[in-house]
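Structure below is upload.cif: mmCIF, C-alpha atoms.
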```cif
data_target
loop_
_atom_site.label_atom_id
_atom_site.label_comp_id
_atom_site.auth_asym_id
_atom_site.auth_seq_id
_atom_site.Cartn_x
_atom_site.Cartn_y
_atom_site.Cartn_z
CA MET X 1 -18.32 14.71 41.34
CA THR X 2 -15.72 14.92 38.61
CA GLU X 3 -15.78 12.85 35.45
CA GLY X 4 -12.90 10.89 36.91
CA GLU X 5 -14.62 10.22 40.21
CA ARG X 6 -17.55 8.44 38.62
CA HIS X 7 -15.26 5.53 37.71
CA ALA X 8 -14.40 5.03 41.36
CA GLN X 9 -18.01 4.03 41.96
CA PRO X 10 -19.13 0.37 41.77
CA THR X 11 -18.85 -0.90 38.22
CA THR X 12 -22.17 -2.68 38.05
CA GLY X 13 -24.11 0.53 37.42
CA ARG X 14 -27.84 0.85 37.78
CA ALA X 15 -30.63 1.54 35.38
CA HIS X 16 -31.62 4.99 36.66
CA ALA X 17 -31.81 7.04 39.82
CA PRO X 18 -35.30 8.16 40.83
CA GLY X 19 -36.32 11.22 38.85
CA ALA X 20 -33.47 10.97 36.33
CA PRO X 21 -34.43 11.74 32.72
CA ARG X 22 -34.49 9.00 30.12
CA ALA X 23 -32.84 11.14 27.46
CA VAL X 24 -31.03 14.49 27.22
CA ALA X 25 -30.43 16.46 24.02
CA GLY X 26 -31.20 13.38 21.94
CA TYR X 27 -28.86 11.10 23.91
CA ARG X 28 -30.65 8.14 25.43
CA LEU X 29 -29.31 7.50 28.94
CA LEU X 30 -28.71 3.75 29.15
CA ARG X 31 -27.56 3.38 32.74
CA GLN X 32 -26.20 5.53 35.52
CA ILE X 33 -22.53 4.81 36.13
CA GLY X 34 -21.69 7.40 38.77
CA GLU X 35 -23.08 10.07 41.04
CA GLY X 36 -21.70 12.76 43.31
CA GLY X 37 -22.63 16.05 44.90
CA MET X 38 -22.02 18.04 41.71
CA SER X 39 -23.12 15.73 38.90
CA ALA X 40 -24.35 12.36 37.73
CA VAL X 41 -22.86 10.46 34.80
CA PHE X 42 -24.66 8.08 32.47
CA GLN X 43 -23.50 5.71 29.80
CA SER X 44 -25.08 6.48 26.45
CA TYR X 45 -24.51 5.83 22.76
CA ASP X 46 -23.93 8.33 19.98
CA ILE X 47 -25.74 6.78 17.02
CA ALA X 48 -24.40 9.31 14.52
CA ALA X 49 -20.78 8.76 15.56
CA GLY X 50 -21.28 5.04 16.21
CA GLN X 51 -19.60 5.03 19.60
CA PRO X 52 -20.44 4.85 23.32
CA VAL X 53 -20.24 8.13 25.22
CA ALA X 54 -20.56 9.37 28.78
CA VAL X 55 -23.18 12.03 29.46
CA LYS X 56 -22.52 14.15 32.51
CA LEU X 57 -25.42 16.13 34.03
CA LEU X 58 -24.93 19.04 36.42
CA ALA X 59 -26.85 18.55 39.68
CA ASP X 60 -30.14 20.45 39.87
CA HIS X 61 -29.20 22.32 43.05
CA LEU X 62 -26.15 23.81 41.28
CA SER X 63 -27.81 24.73 37.99
CA GLY X 64 -28.71 28.19 39.29
CA GLN X 65 -25.23 29.00 40.68
CA PRO X 66 -23.03 30.80 38.10
CA GLU X 67 -19.85 29.64 39.85
CA PHE X 68 -20.55 25.94 39.24
CA VAL X 69 -22.24 26.41 35.88
CA GLY X 70 -19.13 28.30 34.74
CA ARG X 71 -16.86 25.50 35.88
CA PHE X 72 -19.05 22.96 34.11
CA TYR X 73 -18.83 24.77 30.77
CA ARG X 74 -15.15 25.51 31.26
CA GLU X 75 -14.56 21.76 31.39
CA ALA X 76 -16.75 21.32 28.32
CA ARG X 77 -14.88 23.93 26.26
CA LEU X 78 -11.38 22.82 27.22
CA SER X 79 -12.12 19.11 26.75
CA ARG X 80 -13.12 19.88 23.15
CA VAL X 81 -10.20 22.11 22.16
CA LEU X 82 -7.36 20.41 24.08
CA GLU X 83 -7.00 17.15 22.16
CA HIS X 84 -4.34 14.75 23.40
CA PRO X 85 -4.18 10.92 23.61
CA SER X 86 -3.88 11.12 27.41
CA ILE X 87 -6.67 13.65 28.02
CA VAL X 88 -10.35 12.66 28.12
CA GLN X 89 -11.98 14.11 25.01
CA GLY X 90 -15.17 16.17 25.10
CA PHE X 91 -17.67 16.14 22.24
CA ALA X 92 -20.65 18.39 23.01
CA SER X 93 -22.35 20.37 25.75
CA GLY X 94 -25.35 22.59 26.32
CA TYR X 95 -28.65 23.01 28.10
CA ASP X 96 -31.72 20.91 27.35
CA PRO X 97 -34.80 22.98 28.29
CA ASP X 98 -37.11 19.95 27.96
CA VAL X 99 -35.55 18.34 31.03
CA SER X 100 -33.91 21.48 32.52
CA LYS X 101 -30.42 19.94 32.48
CA HIS X 102 -26.93 21.21 31.72
CA TYR X 103 -25.14 18.35 29.98
CA LEU X 104 -21.65 17.47 28.83
CA VAL X 105 -20.89 14.61 26.42
CA LEU X 106 -17.49 13.01 26.98
CA GLU X 107 -15.40 10.13 25.74
CA TYR X 108 -16.52 6.94 27.49
CA ILE X 109 -13.68 5.09 29.23
CA ASP X 110 -14.60 1.48 30.01
CA GLY X 111 -12.24 1.24 32.94
CA PRO X 112 -11.71 2.50 36.49
CA THR X 113 -9.90 5.51 37.83
CA ALA X 114 -6.45 5.00 39.26
CA HIS X 115 -8.12 5.39 42.66
CA GLY X 116 -10.60 2.63 41.80
CA ALA X 117 -7.76 0.32 40.74
CA LEU X 118 -5.93 1.17 43.97
CA ALA X 119 -9.02 0.27 46.00
CA ARG X 120 -9.16 -3.13 44.29
CA LEU X 121 -5.45 -3.99 44.47
CA GLY X 122 -4.26 -2.29 47.65
CA ARG X 123 -1.37 -0.71 45.76
CA LEU X 124 -0.34 -0.77 42.12
CA SER X 125 2.74 -2.46 40.68
CA VAL X 126 5.85 -0.43 39.89
CA GLY X 127 5.39 -0.99 36.14
CA MET X 128 1.79 0.22 36.19
CA VAL X 129 2.61 3.34 38.19
CA VAL X 130 5.51 4.27 35.90
CA ARG X 131 3.22 3.85 32.88
CA ILE X 132 0.58 6.08 34.50
CA GLY X 133 3.25 8.65 35.40
CA ILE X 134 4.57 8.82 31.84
CA ASP X 135 1.11 9.25 30.30
CA ILE X 136 -0.08 11.90 32.75
CA ALA X 137 3.22 13.79 32.62
CA CYS X 138 2.89 13.94 28.82
CA ALA X 139 -0.67 15.24 29.18
CA LEU X 140 0.53 17.91 31.61
CA GLU X 141 3.38 18.94 29.31
CA PHE X 142 0.78 19.41 26.57
CA LEU X 143 -1.38 21.60 28.86
CA HIS X 144 1.56 23.61 30.18
CA ASP X 145 2.86 24.32 26.68
CA ARG X 146 -0.52 25.94 25.99
CA GLN X 147 -0.31 27.97 29.19
CA TYR X 148 -2.85 25.91 31.16
CA VAL X 149 -2.47 24.33 34.58
CA HIS X 150 -4.81 21.54 35.62
CA ARG X 151 -4.89 22.27 39.38
CA ASP X 152 -6.59 18.99 40.37
CA VAL X 153 -4.32 16.08 39.46
CA LYS X 154 -5.23 13.12 41.70
CA PRO X 155 -6.01 9.40 41.40
CA ASP X 156 -9.74 10.08 40.97
CA ASN X 157 -9.02 12.19 37.86
CA ILE X 158 -6.90 9.55 36.10
CA LEU X 159 -8.83 7.02 34.03
CA LEU X 160 -7.34 3.71 32.92
CA HIS X 161 -8.36 2.95 29.36
CA PRO X 162 -8.65 -0.74 28.32
CA ASN X 163 -6.08 -0.14 25.57
CA GLY X 164 -3.42 0.47 28.23
CA VAL X 165 -3.37 4.29 28.27
CA ALA X 166 -3.89 6.48 31.34
CA LYS X 167 -6.01 9.58 30.66
CA LEU X 168 -6.30 12.82 32.60
CA ALA X 169 -9.91 13.88 33.26
CA ASP X 170 -11.84 16.86 34.61
CA LEU X 171 -10.59 20.17 33.23
CA GLY X 172 -13.13 22.12 35.26
CA LEU X 173 -10.43 23.71 37.43
CA ALA X 174 -7.91 24.22 34.63
CA LYS X 175 -6.67 27.80 34.46
CA ARG X 176 -4.64 29.90 32.04
CA LEU X 177 -1.49 31.18 33.67
CA ASN X 178 -2.31 34.79 32.81
CA ASP X 179 -5.99 34.50 33.73
CA ASP X 180 -7.08 36.48 36.82
CA SER X 181 -10.74 35.64 36.36
CA GLN X 182 -13.35 35.56 39.10
CA LEU X 183 -13.24 31.75 39.08
CA THR X 184 -9.78 31.84 40.65
CA ALA X 185 -10.72 34.58 43.10
CA ILE X 186 -13.67 32.55 44.36
CA HIS X 187 -11.66 29.35 44.75
CA GLN X 188 -8.78 30.35 46.97
CA GLY X 189 -6.95 27.10 47.66
CA VAL X 190 -8.98 25.29 44.99
CA GLY X 191 -8.02 21.64 44.49
CA THR X 192 -7.85 18.51 46.62
CA THR X 193 -6.12 18.80 49.99
CA TYR X 194 -4.00 15.64 49.96
CA TYR X 195 -2.51 16.34 46.51
CA MET X 196 -2.30 20.10 46.08
CA PRO X 197 1.06 21.82 46.78
CA TYR X 198 1.59 24.29 49.58
CA GLU X 199 1.57 27.33 47.26
CA GLN X 200 -1.79 26.33 45.79
CA ALA X 201 -3.32 25.96 49.26
CA VAL X 202 -2.11 29.43 50.22
CA ASN X 203 -3.14 31.27 47.05
CA ALA X 204 -4.54 29.67 43.90
CA ASN X 205 -3.08 32.52 41.83
CA LEU X 206 0.46 31.29 42.64
CA VAL X 207 0.16 28.02 40.71
CA ASP X 208 2.14 27.09 37.62
CA GLY X 209 3.19 23.87 35.93
CA ARG X 210 5.34 22.89 38.89
CA SER X 211 2.20 22.83 41.04
CA ASP X 212 0.70 20.12 38.82
CA LEU X 213 3.96 18.19 39.14
CA PHE X 214 3.68 18.22 42.93
CA ALA X 215 0.16 16.80 42.64
CA LEU X 216 1.39 14.14 40.22
CA GLY X 217 4.17 13.18 42.63
CA ALA X 218 1.70 12.87 45.52
CA THR X 219 -0.55 10.77 43.27
CA LEU X 220 2.20 8.35 42.23
CA TYR X 221 3.37 8.06 45.86
CA HIS X 222 -0.19 7.09 46.85
CA LEU X 223 -0.52 4.52 44.05
CA LEU X 224 2.77 2.83 44.98
CA THR X 225 2.22 2.75 48.75
CA GLY X 226 -1.52 2.90 49.37
CA GLN X 227 -0.77 5.92 51.62
CA VAL X 228 -0.91 9.66 50.90
CA PRO X 229 2.44 11.35 51.53
CA PHE X 230 0.94 14.05 53.77
CA PRO X 231 -1.83 12.54 55.93
CA GLY X 232 -3.90 14.55 58.35
CA ALA X 233 -7.34 14.83 59.89
CA THR X 234 -7.97 18.41 58.68
CA HIS X 235 -7.02 20.60 55.76
CA ASP X 236 -4.84 22.84 57.94
CA GLU X 237 -3.00 19.85 59.43
CA VAL X 238 -2.15 18.50 55.98
CA ILE X 239 -0.93 21.89 54.77
CA ARG X 240 1.33 22.32 57.81
CA GLU X 241 2.99 18.99 57.02
CA LYS X 242 3.65 20.20 53.47
CA ALA X 243 5.13 23.47 54.72
CA HIS X 244 7.75 21.45 56.63
CA ASP X 245 8.44 18.91 53.85
CA SER X 246 7.35 16.29 56.35
CA PHE X 247 6.64 12.95 54.72
CA ARG X 248 7.83 9.39 55.22
CA PRO X 249 10.23 8.04 52.58
CA LEU X 250 8.32 6.15 49.93
CA ARG X 251 10.42 3.01 50.32
CA SER X 252 9.55 2.78 54.03
CA PHE X 253 6.04 1.77 52.88
CA ASN X 254 7.08 -0.22 49.82
CA PRO X 255 10.71 -1.45 49.83
CA GLY X 256 10.14 -3.05 46.42
CA VAL X 257 10.20 0.33 44.70
CA PRO X 258 13.63 0.93 43.10
CA THR X 259 15.60 3.72 44.75
CA GLU X 260 15.92 5.63 41.46
CA LEU X 261 12.14 5.76 41.04
CA ALA X 262 11.50 6.69 44.68
CA ASP X 263 13.98 9.57 44.41
CA LEU X 264 12.32 10.86 41.25
CA ILE X 265 8.86 10.91 42.82
CA GLU X 266 10.03 12.39 46.11
CA SER X 267 11.79 15.20 44.22
CA LEU X 268 8.35 16.45 43.15
CA LEU X 269 7.15 16.75 46.76
CA ALA X 270 9.41 19.64 47.81
CA CYS X 271 7.59 22.59 49.36
CA ASP X 272 9.72 25.04 47.34
CA PRO X 273 8.70 24.80 43.65
CA ARG X 274 12.29 25.63 42.63
CA ALA X 275 13.48 22.37 44.23
CA ARG X 276 11.19 20.23 42.06
CA ILE X 277 11.76 18.96 38.54
CA GLN X 278 10.77 22.02 36.54
CA ARG X 279 8.95 20.56 33.53
CA ALA X 280 6.52 17.68 33.09
CA GLY X 281 8.31 16.61 29.90
CA ARG X 282 11.58 16.23 31.81
CA PHE X 283 9.85 14.09 34.39
CA ALA X 284 8.32 11.90 31.65
CA GLU X 285 11.78 11.45 30.10
CA ALA X 286 13.23 10.46 33.47
CA LEU X 287 10.49 7.85 33.98
CA ILE X 288 11.04 6.45 30.49
CA GLY X 289 14.75 6.22 31.28
CA THR X 290 14.07 3.86 34.18
CA ARG X 291 12.76 1.24 31.72
CA LEU X 292 10.30 0.11 34.38
CA ALA X 293 7.02 0.87 32.59
CA THR X 294 4.66 -1.98 31.71
CA LYS X 295 1.37 -1.99 29.86
CA LEU X 296 -1.68 -1.35 31.99
CA PRO X 297 -4.07 -4.30 32.34
CA ALA X 298 -7.53 -3.98 30.81
CA PHE X 299 -9.78 -3.16 33.76
CA ALA X 300 -12.92 -3.45 31.62
CA GLU X 301 -16.15 -2.55 33.37
CA GLY X 302 -19.55 -4.05 32.76
CA PRO X 303 -21.82 -6.88 33.90
CA THR X 304 -20.28 -10.17 34.96
CA HIS X 305 -20.69 -13.08 32.54
CA SER X 306 -19.40 -16.62 31.98
CA VAL X 307 -15.81 -16.40 30.87
CA ALA X 308 -12.78 -18.46 29.93
CA CYS X 309 -9.58 -17.06 31.46
CA LEU X 310 -5.93 -17.37 30.66
CA ASP X 311 -3.61 -17.96 33.59
CA PRO X 312 -3.14 -14.64 35.40
CA THR X 313 0.25 -12.93 35.45
CA PRO X 314 1.55 -10.52 38.13
CA GLU X 315 0.62 -7.61 35.86
CA MET X 316 -2.89 -8.98 35.21
CA PRO X 317 -4.81 -9.50 38.46
CA THR X 318 -7.41 -12.25 38.37
CA ARG X 319 -10.76 -10.66 37.66
CA THR X 320 -13.56 -12.00 35.51
CA ASP X 321 -13.78 -8.83 33.44
CA HIS X 322 -10.21 -9.38 32.21
CA CYS X 323 -11.38 -12.35 30.20
CA THR X 324 -13.28 -13.13 27.05
CA PRO X 325 -16.89 -14.41 27.15
CA ILE X 326 -17.39 -17.91 25.79
CA GLU X 327 -19.57 -18.03 22.71
CA LYS X 328 -20.74 -21.31 21.16
CA PRO X 329 -19.80 -21.40 17.46
CA ALA X 330 -22.56 -21.78 14.96
CA VAL X 331 -22.79 -25.34 13.57
CA PRO X 332 -23.21 -25.34 9.78
CA PRO X 333 -25.82 -27.74 8.36
CA GLN X 334 -24.44 -30.99 7.00
CA ALA X 335 -25.00 -31.79 3.38
CA GLY X 336 -28.02 -33.99 2.86
CA SER X 337 -29.27 -33.68 6.40
CA GLY X 338 -32.96 -33.25 6.95
CA THR X 339 -32.50 -30.76 9.81
CA ARG X 340 -32.03 -26.97 9.55
CA THR X 341 -29.72 -25.42 12.14
CA ASP X 342 -32.09 -22.53 12.67
CA SER X 343 -35.05 -24.85 13.33
CA PRO X 344 -36.04 -25.14 17.01
CA THR X 345 -36.81 -28.88 16.69
CA PRO X 346 -35.49 -31.65 14.41
CA LYS X 347 -37.48 -32.61 11.37
CA PRO X 348 -39.60 -35.76 12.09
CA ARG X 349 -38.21 -38.98 10.69
CA THR X 350 -40.20 -40.82 8.03
CA THR X 351 -42.02 -43.97 9.21
CA GLY X 352 -43.06 -46.95 7.01
CA TRP X 353 -42.03 -50.36 5.71
CA PRO X 354 -38.21 -49.85 5.94
CA TRP X 355 -38.50 -49.88 9.75
CA ILE X 356 -40.31 -53.23 9.73
CA VAL X 357 -37.65 -54.84 7.50
CA GLY X 358 -34.80 -53.42 9.61
CA THR X 359 -36.32 -54.64 12.87
CA GLY X 360 -36.74 -58.16 11.48
CA ALA X 361 -33.11 -58.27 10.31
CA VAL X 362 -31.83 -57.30 13.75
CA LEU X 363 -33.89 -60.02 15.46
CA LEU X 364 -32.62 -62.70 13.06
CA ALA X 365 -28.99 -61.63 13.67
CA LEU X 366 -29.43 -61.87 17.45
CA LEU X 367 -30.94 -65.37 17.23
CA ALA X 368 -28.13 -66.58 14.97
CA GLY X 369 -25.45 -65.22 17.31
CA GLN X 370 -27.02 -66.94 20.32
CA TRP X 371 -27.05 -70.28 18.49
CA VAL X 372 -23.36 -69.98 17.48
CA ARG X 373 -22.23 -69.14 21.05
CA SER X 374 -24.10 -72.17 22.43
CA ARG X 375 -22.22 -74.49 20.03
CA THR X 376 -18.67 -73.15 20.43
CA VAL X 377 -17.01 -72.10 23.71
CA PRO X 378 -13.29 -71.33 23.22
CA ALA X 379 -10.74 -72.57 25.79
CA PRO X 380 -8.74 -69.95 27.68
CA ASN X 381 -5.30 -69.09 26.25
CA PRO X 382 -2.70 -69.44 29.06
CA GLN X 383 -0.25 -67.14 27.23
CA PHE X 384 -2.66 -64.19 27.14
CA ARG X 385 -2.37 -61.61 29.91
CA ALA X 386 -4.24 -58.35 30.19
CA THR X 387 -1.81 -55.41 30.54
CA ALA X 388 -2.92 -52.16 32.13
CA VAL X 389 -1.73 -48.84 30.75
CA GLN X 390 0.47 -47.29 33.38
CA GLY X 391 -0.43 -43.66 34.06
CA THR X 392 1.44 -40.92 35.88
CA PRO X 393 0.97 -40.37 39.64
CA ASP X 394 -1.45 -37.51 38.93
CA GLY X 395 -3.64 -39.72 36.77
CA LEU X 396 -2.61 -38.20 33.43
CA PHE X 397 -1.24 -40.25 30.56
CA PRO X 398 2.24 -39.25 29.45
CA SER X 399 0.94 -37.66 26.27
CA SER X 400 -1.34 -35.40 28.31
CA GLN X 401 1.39 -33.77 30.40
CA GLN X 402 2.20 -30.13 29.68
#
```
Serialized structure, structure tokens:
Amino acid sequence: MTEGERHAQPTTGRAHAPGAPRAVAGYRLLRQIGEGGMSAVFQSYDIAAGQPVAVKLLADHLSGQPEFVGRFYREARLSRVLEHPSIVQGFASGYDPDVSKHYLVLEYIDGPTAHGALARLGRLSVGMVVRIGIDIACALEFLHDRQYVHRDVKPDNILLHPNGVAKLADLGLAKRLNDDSQLTAIHQGVGTTYYMPYEQAVNANLVDGRSDLFALGATLYHLLTGQVPFPGATHDEVIREKAHDSFRPLRSFNPGVPTELADLIESLLACDPRARIQRAGRFAEALIGTRLATKLPAFAEGPTHSVACLDPTPEMPTRTDHCTPIEKPAVPPQAGSGTRTDSPTPKPRTTGWPWIVGTGAVLLALLAGQWVRSRTVPAPNPQFRATAVQGTPDGLFPSSQQ
């Protein structure tokens, strides 16, 4: 499983899987937040840096296979050296002989993947998708300028940060354009079937930046419609559809998408790379020019707690983890009071003669009042009428209406 895919898992997490280590390379593993066939990911905390981190562990059954170990450390190296606001940052990696684990320490994103958000919402709003497209296109432009192609752009590899930024994850399949290494030779057609372009499916050595743009177009199409542009039951069936440029117009699934935006995205889905927009930066500029982007909502993950919510807006779906927990404010001690606020019980009151005097005074007052009432009974005033305060039909007083 990729670093991105772990966010598509349920957000509640669990303490540990059976047999999982409690710590790796000095990082205490707090809770498991994702698991797949290739790796498991745990939330941890870097005490020295003072920040939460994600610790990714390569699966035991792959630790002896150079192909997968190489991909694991490729992701580790590139995530450290390729620093960009829209790329998940790597911090450290290595092998811990005490627990026999290959590990990778990554930036912790307290939010879902784009695929996880899609699963919750059915499809994403136009503003959200344009924002995601701009951020990921900028990340791809950064990679392409340094002669790297990602080769696995898809909703599972896009993380939605609570600060409103979309981040590209999993550089394990990233490749230098002039690199003919064994990794590429082994992975003919490497990538994800629904999102990879036709040329990548035929020969992974044929990819360039325009291949990543095809995958980004297929991703944005999926986020806007809830449907992949090239469906199929098998890999070969999907690739045949791509060879014939056979996909349904985006607006046939979602008529609310502006025509300008639909045309931009569909231009990336051409089988011939020469017919696509040629640079990720140009695509980002075109998306910015639509003026449709909105800030991403904060899909914060974590345990559910009591919350106080603002009224939801169309760009902020109603979920408890969008809100702020209620905390009771500390009550400062009053001057002269005999009770400390940090004391579990009030200080006992003093007993003695003042209570006896006070009780006697109250009894005398009650007896005097009873005697006065028995001597004087006022006659009713015919001019006095009780008037009721008229409320509004909903039971609110006028001053209470919003």
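Remark: for Lys242 (chain X), the closest of the candidate residues X:Ala201, X:Leu62, X:Leu106, X:Leu220 is X:Ala201 (distances computed over all atoms listed in the file).
Here CA of Gln227 (chain X) stands at a distance of 10.4 Å from CA of Tyr194 (chain X).
Reported to one decimal place, the separation of CA of Gly111 (chain X) from CA of Leu160 (chain X) is 5.5 Å.
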Report as a PyMOL selection string all protein, DNA and RNA residues lying within 12 Å of Ala139 (chain X), evaluated on only C-alpha atoms, omitting residues in the same chain fewer than 6 positions from it. chain X and resi 82-88+132-133+145-146+148-150+153+158+165-169+171+209+212-213+216+279-281+283-284
Could you expand the PyMOL selection byres ((chain X and resi 217) around 12) into the explicit residues it covers here, written as a ChimeraX atom specification? /X:129-130,132-134,136-137,153-155,194-197,210-216,218-224,228-230,250,261-270,276-277,280,283-284,287
Output the selection as a PDB file, keeping the file's coordinate frame - C-alpha atoms for each residue.
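Here's the written file result_14.pdb:
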```
ATOM      1  CA  VAL X 129       2.610   3.340  38.190  1.00  0.00           C
ATOM      2  CA  VAL X 130       5.510   4.270  35.900  1.00  0.00           C
ATOM      3  CA  ILE X 132       0.580   6.080  34.500  1.00  0.00           C
ATOM      4  CA  GLY X 133       3.250   8.650  35.400  1.00  0.00           C
ATOM      5  CA  ILE X 134       4.570   8.820  31.840  1.00  0.00           C
ATOM      6  CA  ILE X 136      -0.080  11.900  32.750  1.00  0.00           C
ATOM      7  CA  ALA X 137       3.220  13.790  32.620  1.00  0.00           C
ATOM      8  CA  VAL X 153      -4.320  16.080  39.460  1.00  0.00           C
ATOM      9  CA  LYS X 154      -5.230  13.120  41.700  1.00  0.00           C
ATOM     10  CA  PRO X 155      -6.010   9.400  41.400  1.00  0.00           C
ATOM     11  CA  TYR X 194      -4.000  15.640  49.960  1.00  0.00           C
ATOM     12  CA  TYR X 195      -2.510  16.340  46.510  1.00  0.00           C
ATOM     13  CA  MET X 196      -2.300  20.100  46.080  1.00  0.00           C
ATOM     14  CA  PRO X 197       1.060  21.820  46.780  1.00  0.00           C
ATOM     15  CA  ARG X 210       5.340  22.890  38.890  1.00  0.00           C
ATOM     16  CA  SER X 211       2.200  22.830  41.040  1.00  0.00           C
ATOM     17  CA  ASP X 212       0.700  20.120  38.820  1.00  0.00           C
ATOM     18  CA  LEU X 213       3.960  18.190  39.140  1.00  0.00           C
ATOM     19  CA  PHE X 214       3.680  18.220  42.930  1.00  0.00           C
ATOM     20  CA  ALA X 215       0.160  16.800  42.640  1.00  0.00           C
ATOM     21  CA  LEU X 216       1.390  14.140  40.220  1.00  0.00           C
ATOM     22  CA  ALA X 218       1.700  12.870  45.520  1.00  0.00           C
ATOM     23  CA  THR X 219      -0.550  10.770  43.270  1.00  0.00           C
ATOM     24  CA  LEU X 220       2.200   8.350  42.230  1.00  0.00           C
ATOM     25  CA  TYR X 221       3.370   8.060  45.860  1.00  0.00           C
ATOM     26  CA  HIS X 222      -0.190   7.090  46.850  1.00  0.00           C
ATOM     27  CA  LEU X 223      -0.520   4.520  44.050  1.00  0.00           C
ATOM     28  CA  LEU X 224       2.770   2.830  44.980  1.00  0.00           C
ATOM     29  CA  VAL X 228      -0.910   9.660  50.900  1.00  0.00           C
ATOM     30  CA  PRO X 229       2.440  11.350  51.530  1.00  0.00           C
ATOM     31  CA  PHE X 230       0.940  14.050  53.770  1.00  0.00           C
ATOM     32  CA  LEU X 250       8.320   6.150  49.930  1.00  0.00           C
ATOM     33  CA  LEU X 261      12.140   5.760  41.040  1.00  0.00           C
ATOM     34  CA  ALA X 262      11.500   6.690  44.680  1.00  0.00           C
ATOM     35  CA  ASP X 263      13.980   9.570  44.410  1.00  0.00           C
ATOM     36  CA  LEU X 264      12.320  10.860  41.250  1.00  0.00           C
ATOM     37  CA  ILE X 265       8.860  10.910  42.820  1.00  0.00           C
ATOM     38  CA  GLU X 266      10.030  12.390  46.110  1.00  0.00           C
ATOM     39  CA  SER X 267      11.790  15.200  44.220  1.00  0.00           C
ATOM     40  CA  LEU X 268       8.350  16.450  43.150  1.00  0.00           C
ATOM     41  CA  LEU X 269       7.150  16.750  46.760  1.00  0.00           C
ATOM     42  CA  ALA X 270       9.410  19.640  47.810  1.00  0.00           C
ATOM     43  CA  ARG X 276      11.190  20.230  42.060  1.00  0.00           C
ATOM     44  CA  ILE X 277      11.760  18.960  38.540  1.00  0.00           C
ATOM     45  CA  ALA X 280       6.520  17.680  33.090  1.00  0.00           C
ATOM     46  CA  PHE X 283       9.850  14.090  34.390  1.00  0.00           C
ATOM     47  CA  ALA X 284       8.320  11.900  31.650  1.00  0.00           C
ATOM     48  CA  LEU X 287      10.490   7.850  33.980  1.00  0.00           C
TER      49      LEU X 287
END
```
